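J.: For reference, the file final.cif (mmCIF, C-alpha atoms) is included below:
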```cif
data_my_file
loop_
_atom_site.group_PDB
_atom_site.id
_atom_site.type_symbol
_atom_site.label_atom_id
_atom_site.label_comp_id
_atom_site.auth_asym_id
_atom_site.auth_seq_id
_atom_site.Cartn_x
_atom_site.Cartn_y
_atom_site.Cartn_z
ATOM 1 C CA MET C 1 -43.376 -84.029 -109.866
ATOM 2 C CA SER C 2 -44.609 -84.001 -106.266
ATOM 3 C CA ALA C 3 -42.927 -85.192 -103.085
ATOM 4 C CA PRO C 4 -43.556 -88.868 -102.262
ATOM 5 C CA SER C 5 -46.611 -89.724 -100.235
ATOM 6 C CA LEU C 6 -46.340 -91.564 -96.936
ATOM 7 C CA SER C 7 -47.488 -94.790 -98.578
ATOM 8 C CA HIS C 8 -44.660 -94.472 -101.070
ATOM 9 C CA VAL C 9 -42.279 -93.693 -98.245
ATOM 10 C CA ASP C 10 -43.219 -96.881 -96.381
ATOM 11 C CA HIS C 11 -42.882 -98.962 -99.548
ATOM 12 C CA ASN C 12 -39.525 -97.487 -100.463
ATOM 13 C CA LEU C 13 -38.155 -97.860 -96.963
ATOM 14 C CA SER C 14 -39.133 -101.527 -96.794
ATOM 15 C CA ARG C 15 -37.557 -102.107 -100.200
ATOM 16 C CA ILE C 16 -34.249 -100.385 -99.561
ATOM 17 C CA GLU C 17 -33.811 -101.380 -95.905
ATOM 18 C CA PRO C 18 -32.234 -104.810 -96.467
ATOM 19 C CA THR C 19 -29.535 -103.472 -98.799
ATOM 20 C CA LEU C 20 -28.708 -99.982 -97.596
ATOM 21 C CA PHE C 21 -29.162 -100.075 -93.862
ATOM 22 C CA ARG C 22 -28.100 -103.494 -92.689
ATOM 23 C CA ASP C 23 -25.518 -103.217 -89.973
ATOM 24 C CA LYS C 24 -22.194 -103.943 -91.702
ATOM 25 C CA PRO C 25 -19.979 -106.503 -89.906
ATOM 26 C CA ALA C 26 -16.208 -106.695 -90.140
ATOM 27 C CA PRO C 27 -14.861 -107.897 -93.533
ATOM 28 C CA ASN C 28 -13.447 -111.122 -92.066
ATOM 29 C CA THR C 29 -16.692 -112.224 -90.434
ATOM 30 C CA ARG C 30 -17.895 -115.616 -91.620
ATOM 31 C CA SER C 31 -21.097 -115.847 -93.653
ATOM 32 C CA ASP C 32 -22.961 -117.778 -90.964
ATOM 33 C CA ALA C 33 -21.945 -115.157 -88.393
ATOM 34 C CA ARG C 34 -23.206 -112.405 -90.693
ATOM 35 C CA ARG C 35 -26.471 -114.281 -91.130
ATOM 36 C CA ASN C 36 -26.885 -114.747 -87.378
ATOM 37 C CA ARG C 37 -26.156 -111.089 -86.732
ATOM 38 C CA ALA C 38 -28.778 -110.058 -89.272
ATOM 39 C CA LEU C 39 -31.303 -112.463 -87.690
ATOM 40 C CA VAL C 40 -30.626 -111.054 -84.236
ATOM 41 C CA LEU C 41 -30.996 -107.458 -85.427
ATOM 42 C CA ALA C 42 -34.242 -108.188 -87.250
ATOM 43 C CA ALA C 43 -35.644 -110.013 -84.216
ATOM 44 C CA ALA C 44 -34.503 -107.219 -81.911
ATOM 45 C CA GLN C 45 -36.227 -104.628 -84.093
ATOM 46 C CA ARG C 46 -39.535 -106.484 -83.850
ATOM 47 C CA ALA C 47 -39.214 -107.181 -80.132
ATOM 48 C CA LEU C 48 -38.206 -103.630 -79.239
ATOM 49 C CA ALA C 49 -40.955 -102.168 -81.433
ATOM 50 C CA GLU C 50 -43.549 -104.171 -79.521
ATOM 51 C CA GLY C 51 -42.210 -104.252 -75.986
ATOM 52 C CA GLY C 52 -39.808 -101.347 -75.646
ATOM 53 C CA VAL C 53 -36.416 -101.413 -73.984
ATOM 54 C CA ALA C 54 -37.583 -103.852 -71.298
ATOM 55 C CA VAL C 55 -37.330 -106.782 -73.755
ATOM 56 C CA SER C 56 -34.699 -109.302 -72.633
ATOM 57 C CA LEU C 57 -31.862 -110.649 -74.766
ATOM 58 C CA ALA C 58 -33.257 -114.130 -74.176
ATOM 59 C CA GLU C 59 -36.503 -113.075 -75.852
ATOM 60 C CA VAL C 60 -34.552 -111.645 -78.782
ATOM 61 C CA ALA C 61 -32.649 -114.936 -79.117
ATOM 62 C CA ARG C 62 -35.907 -116.902 -79.078
ATOM 63 C CA ARG C 63 -37.405 -114.763 -81.834
ATOM 64 C CA ALA C 64 -34.232 -114.948 -83.902
ATOM 65 C CA GLY C 65 -34.108 -118.741 -83.587
ATOM 66 C CA VAL C 66 -30.570 -118.737 -82.216
ATOM 67 C CA GLY C 67 -29.009 -119.470 -78.868
ATOM 68 C CA ALA C 68 -28.524 -116.836 -76.200
ATOM 69 C CA GLY C 69 -24.771 -117.234 -76.616
ATOM 70 C CA THR C 70 -25.018 -116.141 -80.247
ATOM 71 C CA VAL C 71 -26.755 -112.921 -79.194
ATOM 72 C CA TYR C 72 -24.178 -112.210 -76.500
ATOM 73 C CA ARG C 73 -21.349 -112.936 -78.926
ATOM 74 C CA HIS C 74 -22.489 -110.153 -81.254
ATOM 75 C CA PHE C 75 -23.951 -107.849 -78.617
ATOM 76 C CA PRO C 76 -22.414 -108.298 -75.153
ATOM 77 C CA THR C 77 -24.977 -105.988 -73.520
ATOM 78 C CA LYS C 78 -28.510 -104.893 -74.184
ATOM 79 C CA THR C 79 -27.190 -101.351 -74.667
ATOM 80 C CA ALA C 80 -24.974 -102.549 -77.522
ATOM 81 C CA LEU C 81 -27.924 -104.279 -79.183
ATOM 82 C CA LEU C 82 -30.165 -101.290 -78.672
ATOM 83 C CA GLU C 83 -27.529 -98.993 -80.117
ATOM 84 C CA ALA C 84 -27.251 -101.111 -83.287
ATOM 85 C CA VAL C 85 -31.031 -101.262 -83.742
ATOM 86 C CA MET C 86 -31.493 -97.543 -83.171
ATOM 87 C CA GLN C 87 -28.611 -96.659 -85.449
ATOM 88 C CA GLN C 88 -30.237 -98.623 -88.265
ATOM 89 C CA ARG C 89 -33.529 -96.842 -87.727
ATOM 90 C CA ILE C 90 -31.977 -93.368 -87.610
ATOM 91 C CA ASP C 91 -29.897 -94.102 -90.693
ATOM 92 C CA ARG C 92 -33.068 -95.132 -92.533
ATOM 93 C CA LEU C 93 -34.701 -91.809 -91.673
ATOM 94 C CA THR C 94 -31.547 -89.948 -92.670
ATOM 95 C CA ALA C 95 -31.579 -91.698 -96.050
ATOM 96 C CA LEU C 96 -35.225 -90.696 -96.496
ATOM 97 C CA ALA C 97 -34.322 -87.066 -95.752
ATOM 98 C CA HIS C 98 -31.616 -87.253 -98.422
ATOM 99 C CA ARG C 99 -34.153 -88.619 -100.908
ATOM 100 C CA LEU C 100 -36.558 -85.765 -100.172
ATOM 101 C CA ARG C 101 -33.899 -83.046 -100.230
ATOM 102 C CA ASP C 102 -34.200 -82.417 -103.968
ATOM 103 C CA ALA C 103 -38.014 -82.649 -104.108
ATOM 104 C CA PRO C 104 -39.649 -79.933 -106.261
ATOM 105 C CA ASP C 105 -41.835 -78.833 -103.324
ATOM 106 C CA PRO C 106 -39.471 -78.332 -100.332
ATOM 107 C CA GLY C 107 -42.323 -77.444 -97.989
ATOM 108 C CA ARG C 108 -44.276 -80.596 -98.691
ATOM 109 C CA ALA C 109 -41.102 -82.687 -98.504
ATOM 110 C CA PHE C 110 -40.323 -81.269 -95.058
ATOM 111 C CA PHE C 111 -43.775 -82.043 -93.659
ATOM 112 C CA VAL C 112 -43.853 -85.512 -95.251
ATOM 113 C CA PHE C 113 -40.596 -86.250 -93.465
ATOM 114 C CA CYS C 114 -41.834 -84.851 -90.138
ATOM 115 C CA THR C 115 -44.965 -86.975 -90.400
ATOM 116 C CA GLU C 116 -42.952 -90.118 -91.135
ATOM 117 C CA VAL C 117 -40.677 -89.538 -88.140
ATOM 118 C CA ILE C 118 -43.634 -89.131 -85.774
ATOM 119 C CA VAL C 119 -45.825 -91.921 -87.118
ATOM 120 C CA SER C 120 -43.027 -94.488 -87.408
ATOM 121 C CA SER C 121 -41.675 -93.609 -83.963
ATOM 122 C CA HIS C 122 -45.134 -94.051 -82.485
ATOM 123 C CA ARG C 123 -45.225 -97.591 -83.882
ATOM 124 C CA ASN C 124 -41.890 -98.382 -82.220
ATOM 125 C CA GLN C 125 -42.176 -98.720 -78.453
ATOM 126 C CA ALA C 126 -38.408 -98.508 -77.952
ATOM 127 C CA VAL C 127 -38.225 -95.203 -79.836
ATOM 128 C CA CYS C 128 -41.057 -93.849 -77.701
ATOM 129 C CA ASP C 129 -39.223 -94.904 -74.538
ATOM 130 C CA LEU C 130 -35.997 -93.264 -75.680
ATOM 131 C CA ALA C 131 -37.712 -90.096 -76.872
ATOM 132 C CA ALA C 132 -39.492 -89.774 -73.529
ATOM 133 C CA ASN C 133 -36.256 -90.232 -71.576
ATOM 134 C CA ASP C 134 -33.505 -88.576 -73.599
ATOM 135 C CA GLY C 135 -35.117 -86.679 -76.453
ATOM 136 C CA TRP C 136 -34.588 -87.422 -80.124
ATOM 137 C CA PRO C 137 -32.248 -89.084 -80.880
ATOM 138 C CA ARG C 138 -30.524 -90.580 -77.855
ATOM 139 C CA GLU C 139 -26.912 -89.775 -77.078
ATOM 140 C CA LEU C 140 -25.752 -93.387 -77.439
ATOM 141 C CA VAL C 141 -26.155 -93.059 -81.215
ATOM 142 C CA ARG C 142 -24.344 -89.737 -81.410
ATOM 143 C CA ASP C 143 -22.836 -90.240 -84.881
ATOM 144 C CA ALA C 144 -26.096 -91.428 -86.427
ATOM 145 C CA GLY C 145 -27.862 -88.576 -84.670
ATOM 146 C CA ALA C 146 -25.430 -86.025 -86.096
ATOM 147 C CA ARG C 147 -26.106 -87.292 -89.615
ATOM 148 C CA PHE C 148 -29.837 -87.169 -88.931
ATOM 149 C CA HIS C 149 -29.593 -83.588 -87.658
ATOM 150 C CA THR C 150 -27.678 -82.457 -90.735
ATOM 151 C CA ALA C 151 -30.166 -84.048 -93.133
ATOM 152 C CA LEU C 152 -33.146 -82.629 -91.231
ATOM 153 C CA ASP C 153 -31.592 -79.166 -91.151
ATOM 154 C CA ASP C 154 -31.154 -79.286 -94.933
ATOM 155 C CA LEU C 155 -34.880 -79.990 -95.333
ATOM 156 C CA LEU C 156 -35.762 -77.243 -92.861
ATOM 157 C CA VAL C 157 -33.622 -74.581 -94.564
ATOM 158 C CA ALA C 158 -34.979 -75.497 -98.012
ATOM 159 C CA ALA C 159 -38.579 -75.277 -96.739
ATOM 160 C CA GLN C 160 -37.873 -71.898 -95.116
ATOM 161 C CA ARG C 161 -36.350 -70.545 -98.313
ATOM 162 C CA ALA C 162 -39.455 -71.670 -100.182
ATOM 163 C CA GLY C 163 -41.605 -69.716 -97.718
ATOM 164 C CA ALA C 164 -43.400 -72.837 -96.441
ATOM 165 C CA VAL C 165 -41.957 -72.883 -92.917
ATOM 166 C CA ARG C 166 -41.767 -69.960 -90.506
ATOM 167 C CA PRO C 167 -38.332 -68.319 -90.705
ATOM 168 C CA ASP C 168 -37.748 -68.144 -86.937
ATOM 169 C CA LEU C 169 -37.912 -71.927 -86.520
ATOM 170 C CA ALA C 170 -34.616 -73.530 -85.458
ATOM 171 C CA LEU C 171 -33.504 -77.156 -85.704
ATOM 172 C CA SER C 172 -33.700 -77.470 -81.918
ATOM 173 C CA ASP C 173 -37.356 -76.378 -82.091
ATOM 174 C CA VAL C 174 -38.160 -79.107 -84.615
ATOM 175 C CA LEU C 175 -36.435 -81.792 -82.525
ATOM 176 C CA ALA C 176 -38.345 -80.703 -79.425
ATOM 177 C CA LEU C 177 -41.617 -80.802 -81.359
ATOM 178 C CA PHE C 178 -40.772 -84.328 -82.532
ATOM 179 C CA THR C 179 -40.451 -85.459 -78.931
ATOM 180 C CA GLY C 180 -43.790 -83.902 -77.996
ATOM 181 C CA CYS C 181 -45.586 -85.212 -81.073
ATOM 182 C CA VAL C 182 -44.353 -88.772 -80.477
ATOM 183 C CA ALA C 183 -45.853 -88.601 -76.981
ATOM 184 C CA ILE C 184 -49.094 -87.166 -78.382
ATOM 185 C CA GLN C 185 -49.253 -89.804 -81.097
ATOM 186 C CA ARG C 186 -49.108 -92.570 -78.494
ATOM 187 C CA LEU C 187 -52.607 -91.533 -77.397
ATOM 188 C CA SER C 188 -53.998 -92.270 -80.862
ATOM 189 C CA PRO C 189 -55.021 -95.857 -81.693
ATOM 190 C CA GLY C 190 -54.667 -95.368 -85.457
ATOM 191 C CA ARG C 191 -51.643 -95.562 -87.711
ATOM 192 C CA GLU C 192 -52.248 -92.152 -89.294
ATOM 193 C CA LEU C 193 -51.003 -88.866 -87.891
ATOM 194 C CA SER C 194 -53.390 -87.835 -85.126
ATOM 195 C CA ARG C 195 -55.168 -84.500 -85.282
ATOM 196 C CA PRO C 196 -53.424 -83.033 -82.180
ATOM 197 C CA ALA C 197 -50.012 -83.965 -83.598
ATOM 198 C CA ALA C 198 -51.015 -82.487 -86.958
ATOM 199 C CA LEU C 199 -51.957 -79.242 -85.209
ATOM 200 C CA VAL C 200 -48.492 -79.111 -83.644
ATOM 201 C CA LEU C 201 -46.864 -79.629 -87.045
ATOM 202 C CA ASP C 202 -49.129 -76.967 -88.520
ATOM 203 C CA SER C 203 -47.680 -74.452 -86.062
ATOM 204 C CA MET C 204 -44.400 -74.661 -88.009
ATOM 205 C CA ARG C 205 -45.979 -73.399 -91.232
ATOM 206 C CA ALA C 206 -45.322 -69.852 -92.385
ATOM 207 C CA ARG C 207 -48.320 -67.555 -92.072
ATOM 208 C CA PRO C 208 -49.095 -65.070 -94.869
ATOM 209 C CA VAL C 209 -48.846 -61.423 -93.845
ATOM 210 C CA SER C 210 -52.120 -59.665 -94.529
ATOM 211 C CA GLY C 211 -53.270 -56.113 -93.940
ATOM 212 C CA THR C 212 -56.902 -57.121 -93.594
ATOM 213 C CA VAL C 213 -58.560 -57.322 -90.224
ATOM 214 C CA THR C 214 -59.283 -60.869 -89.091
ATOM 215 C CA LYS C 215 -62.963 -61.650 -89.202
ATOM 216 C CA LEU C 216 -64.348 -62.222 -85.728
ATOM 217 C CA ARG C 217 -65.798 -65.668 -85.068
ATOM 218 C CA ASN C 218 -68.776 -64.112 -83.163
ATOM 219 C CA PRO C 219 -69.238 -60.548 -84.428
ATOM 220 C CA PRO C 220 -71.161 -58.202 -82.119
ATOM 221 C CA ALA C 221 -74.798 -57.459 -82.903
ATOM 222 C CA PRO C 222 -75.302 -54.166 -84.799
ATOM 223 C CA ARG C 223 -76.384 -51.242 -82.667
ATOM 224 C CA ASP C 224 -77.823 -47.846 -83.523
ATOM 225 C CA GLU C 225 -75.428 -45.326 -82.016
ATOM 226 C CA THR C 226 -77.517 -42.285 -83.147
ATOM 227 C CA THR C 227 -78.629 -40.123 -80.242
ATOM 228 C CA ALA C 228 -82.390 -40.048 -79.995
ATOM 229 C CA ARG C 229 -83.836 -36.564 -80.557
ATOM 230 C CA ASP C 230 -87.313 -35.116 -80.231
ATOM 231 C CA GLU C 231 -88.313 -33.970 -83.743
ATOM 232 C CA THR C 232 -91.747 -32.598 -82.730
ATOM 233 C CA PRO C 233 -92.083 -28.884 -83.835
ATOM 234 C CA HIS C 234 -92.873 -26.265 -81.237
ATOM 235 C CA CYS C 235 -94.735 -22.994 -81.503
ATOM 236 C CA PRO C 236 -92.225 -20.095 -81.787
ATOM 237 C CA ILE C 237 -94.492 -17.894 -79.665
ATOM 238 C CA CYS C 238 -95.457 -20.033 -76.680
ATOM 239 C CA ALA C 239 -93.241 -23.148 -77.219
ATOM 240 C CA THR C 240 -96.260 -25.441 -77.200
ATOM 241 C CA PRO C 241 -95.707 -28.675 -79.179
ATOM 242 C CA ILE C 242 -97.389 -28.625 -82.567
ATOM 243 C CA HIS C 243 -98.818 -32.023 -83.527
ATOM 244 C CA PRO C 244 -99.309 -32.634 -87.231
ATOM 245 C CA THR C 245 -102.886 -32.957 -88.436
ATOM 246 C CA GLY C 246 -102.048 -35.169 -91.435
ATOM 247 C CA THR C 247 -103.650 -32.804 -93.992
ATOM 248 C CA GLY C 248 -102.590 -29.544 -95.636
ATOM 249 C CA ARG C 249 -99.393 -27.622 -94.971
ATOM 250 C CA PRO C 250 -97.581 -28.235 -91.654
ATOM 251 C CA ALA C 251 -98.739 -25.760 -89.000
ATOM 252 C CA ARG C 252 -96.231 -23.145 -87.836
ATOM 253 C CA TYR C 253 -98.172 -22.012 -84.743
ATOM 254 C CA CYS C 254 -100.177 -23.845 -82.155
ATOM 255 C CA SER C 255 -103.245 -21.591 -82.496
ATOM 256 C CA ALA C 256 -104.752 -18.628 -84.299
ATOM 257 C CA ALA C 257 -103.921 -16.388 -81.321
ATOM 258 C CA CYS C 258 -100.203 -17.218 -81.576
ATOM 259 C CA ARG C 259 -100.365 -16.711 -85.328
ATOM 260 C CA GLN C 260 -101.864 -13.222 -84.745
ATOM 261 C CA LYS C 261 -99.197 -12.385 -82.188
ATOM 262 C CA ALA C 262 -96.485 -13.376 -84.616
ATOM 263 C CA HIS C 263 -98.100 -11.182 -87.295
ATOM 264 C CA ARG C 264 -98.187 -8.205 -84.977
ATOM 265 C CA ARG C 265 -94.522 -8.663 -84.059
ATOM 266 C CA ARG C 266 -93.483 -8.761 -87.669
ATOM 267 C CA HIS C 267 -95.309 -5.535 -88.470
ATOM 268 C CA ALA C 268 -94.666 -3.830 -85.144
ATOM 269 C CA ILE C 269 -98.374 -3.505 -84.442
ATOM 270 C CA PRO C 270 -98.954 -2.797 -80.728
ATOM 271 C CA ALA C 271 -100.812 -5.506 -79.037
#
```
Render the structure in this file as structure tokens.

T.:
Amino acid sequence: MSAPSLSHVDHNLSRIEPTLFRDKPAPNTRSDARRNRALVLAAAQRALAEGGVAVSLAEVARRAGVGAGTVYRHFPTKTALLEAVMQQRIDRLTALAHRLRDAPDPGRAFFVFCTEVIVSSHRNQAVCDLAANDGWPRELVRDAGARFHTALDDLLVAAQRAGAVRPDLALSDVLALFTGCVAIQRLSPGRELSRPAALVLDSMRARPVSGTVTKLRNPPAPRDETTARDETPHCPICATPIHPTGTGRPARYCSAACRQKAHRRRHAIPA
């Protein structure tokens, strides 16, 4: 069994979001109030994803189909609304991390989760704004962020134990890389993980230790390091070079006179 693909992740998140991650109102809240709150949160999610934190509460009310007073009744300030929307999103990612925690391939599960965080954050303008300003996640959702950190750390430790992620990587490193990758991903027009962001994620992978020398991309041209030497024979009597004739036995002397001198020397015959 392999870890879920990103397409499965998106499908599962959309299926479980309405039931598991809806902001829970107080038990004594009336049904119409609960419905209005859910409408406002859904509208705020869409508006913030498209326009970022600059979206007004009036625009959220228009998209939700309710009056501005209804929005202010549930969320007195934009910060309160933003906190509720971001908490839902972070809790969804935390739940995904919990689902991937027991995957048979911890390394793949870790990188699937990292990819989902980056790609989904890129599609949400508000998340990009917050990541650029305060890192991931923002302090105003401290409790949700703490749960997210714990779930992410579980995935990281499991991937490191499996030898898929470099052992010196800390949780703070991963969070910092998320912030950078979200900014990088904003430069890509597509919905898939961009190549530069993928290269950043790849830097977290463990590298096999090898005793072999890395092959050079542009190896140097072979050169003959042998010192050139003159192999031409010389006459042992007068040191004159002896050039081969191409026939018969190689000559030992340059001339008959030198051959006679050598004979005399061998037999001690006076010249």

J.: Run the PyMOL selection byres ((chain C and resi 40) around 9) on the file and write out the hits as a PyMOL selection string.

T.: chain C and resi 35-39+41-45+60-61+63-66+70-71+74+81

J.: Which distance in Å separates atom CA of Ser121 of chain C and atom CA of Ser194 of chain C, to one decimal?

T.: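 Distance between the two atoms: 13.1 Å.
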
J.: Here is a test: counting all atoms listed in the file, which residue of C:Arg265, C:Phe110, C:Leu96, C:Ala49 is nearest to Ala159 of chain C?

T.: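 For Ala159 of chain C, the nearest of the candidates is C:Phe110.
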
J.: Record the distance separating atom CA of Ala33 of chain C and atom CA of Glu83 of chain C, expressed in Å with one decimal.

T.: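 We find that atom CA of Ala33 of chain C and atom CA of Glu83 of chain C lie 19.0 Å from each other.
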
J.: So the first atom is atom CA of Arg205 of chain C and the second is atom CA of Arg89 of chain C; what is the distance between them in Å, to one decimal place?

T.: 26.8 Å

J.: Of the candidates C:Leu193, C:Ala109, C:Ala95, C:Ala162, which one gets nearest to Cys181 of chain C if we count only C-alpha atoms?

T.: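 Residue with the minimum atom-to-atom distance to Cys181 of chain C: C:Leu193.
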
J.: Starting from the shown file, work through the PyMOL selection byres ((chain C and resi 204) around 8) and note down what comes out as a PyMOL selection string.

T.: chain C and resi 165-166+169+200-203+205-206

J.: Please provide the set of residues having any atom within 10 Å of Phe178 of chain C, restricted to all atoms listed in the file, with same-chain residues fewer than 2 positions apart removed, written as a count of residues only.

T.: 22
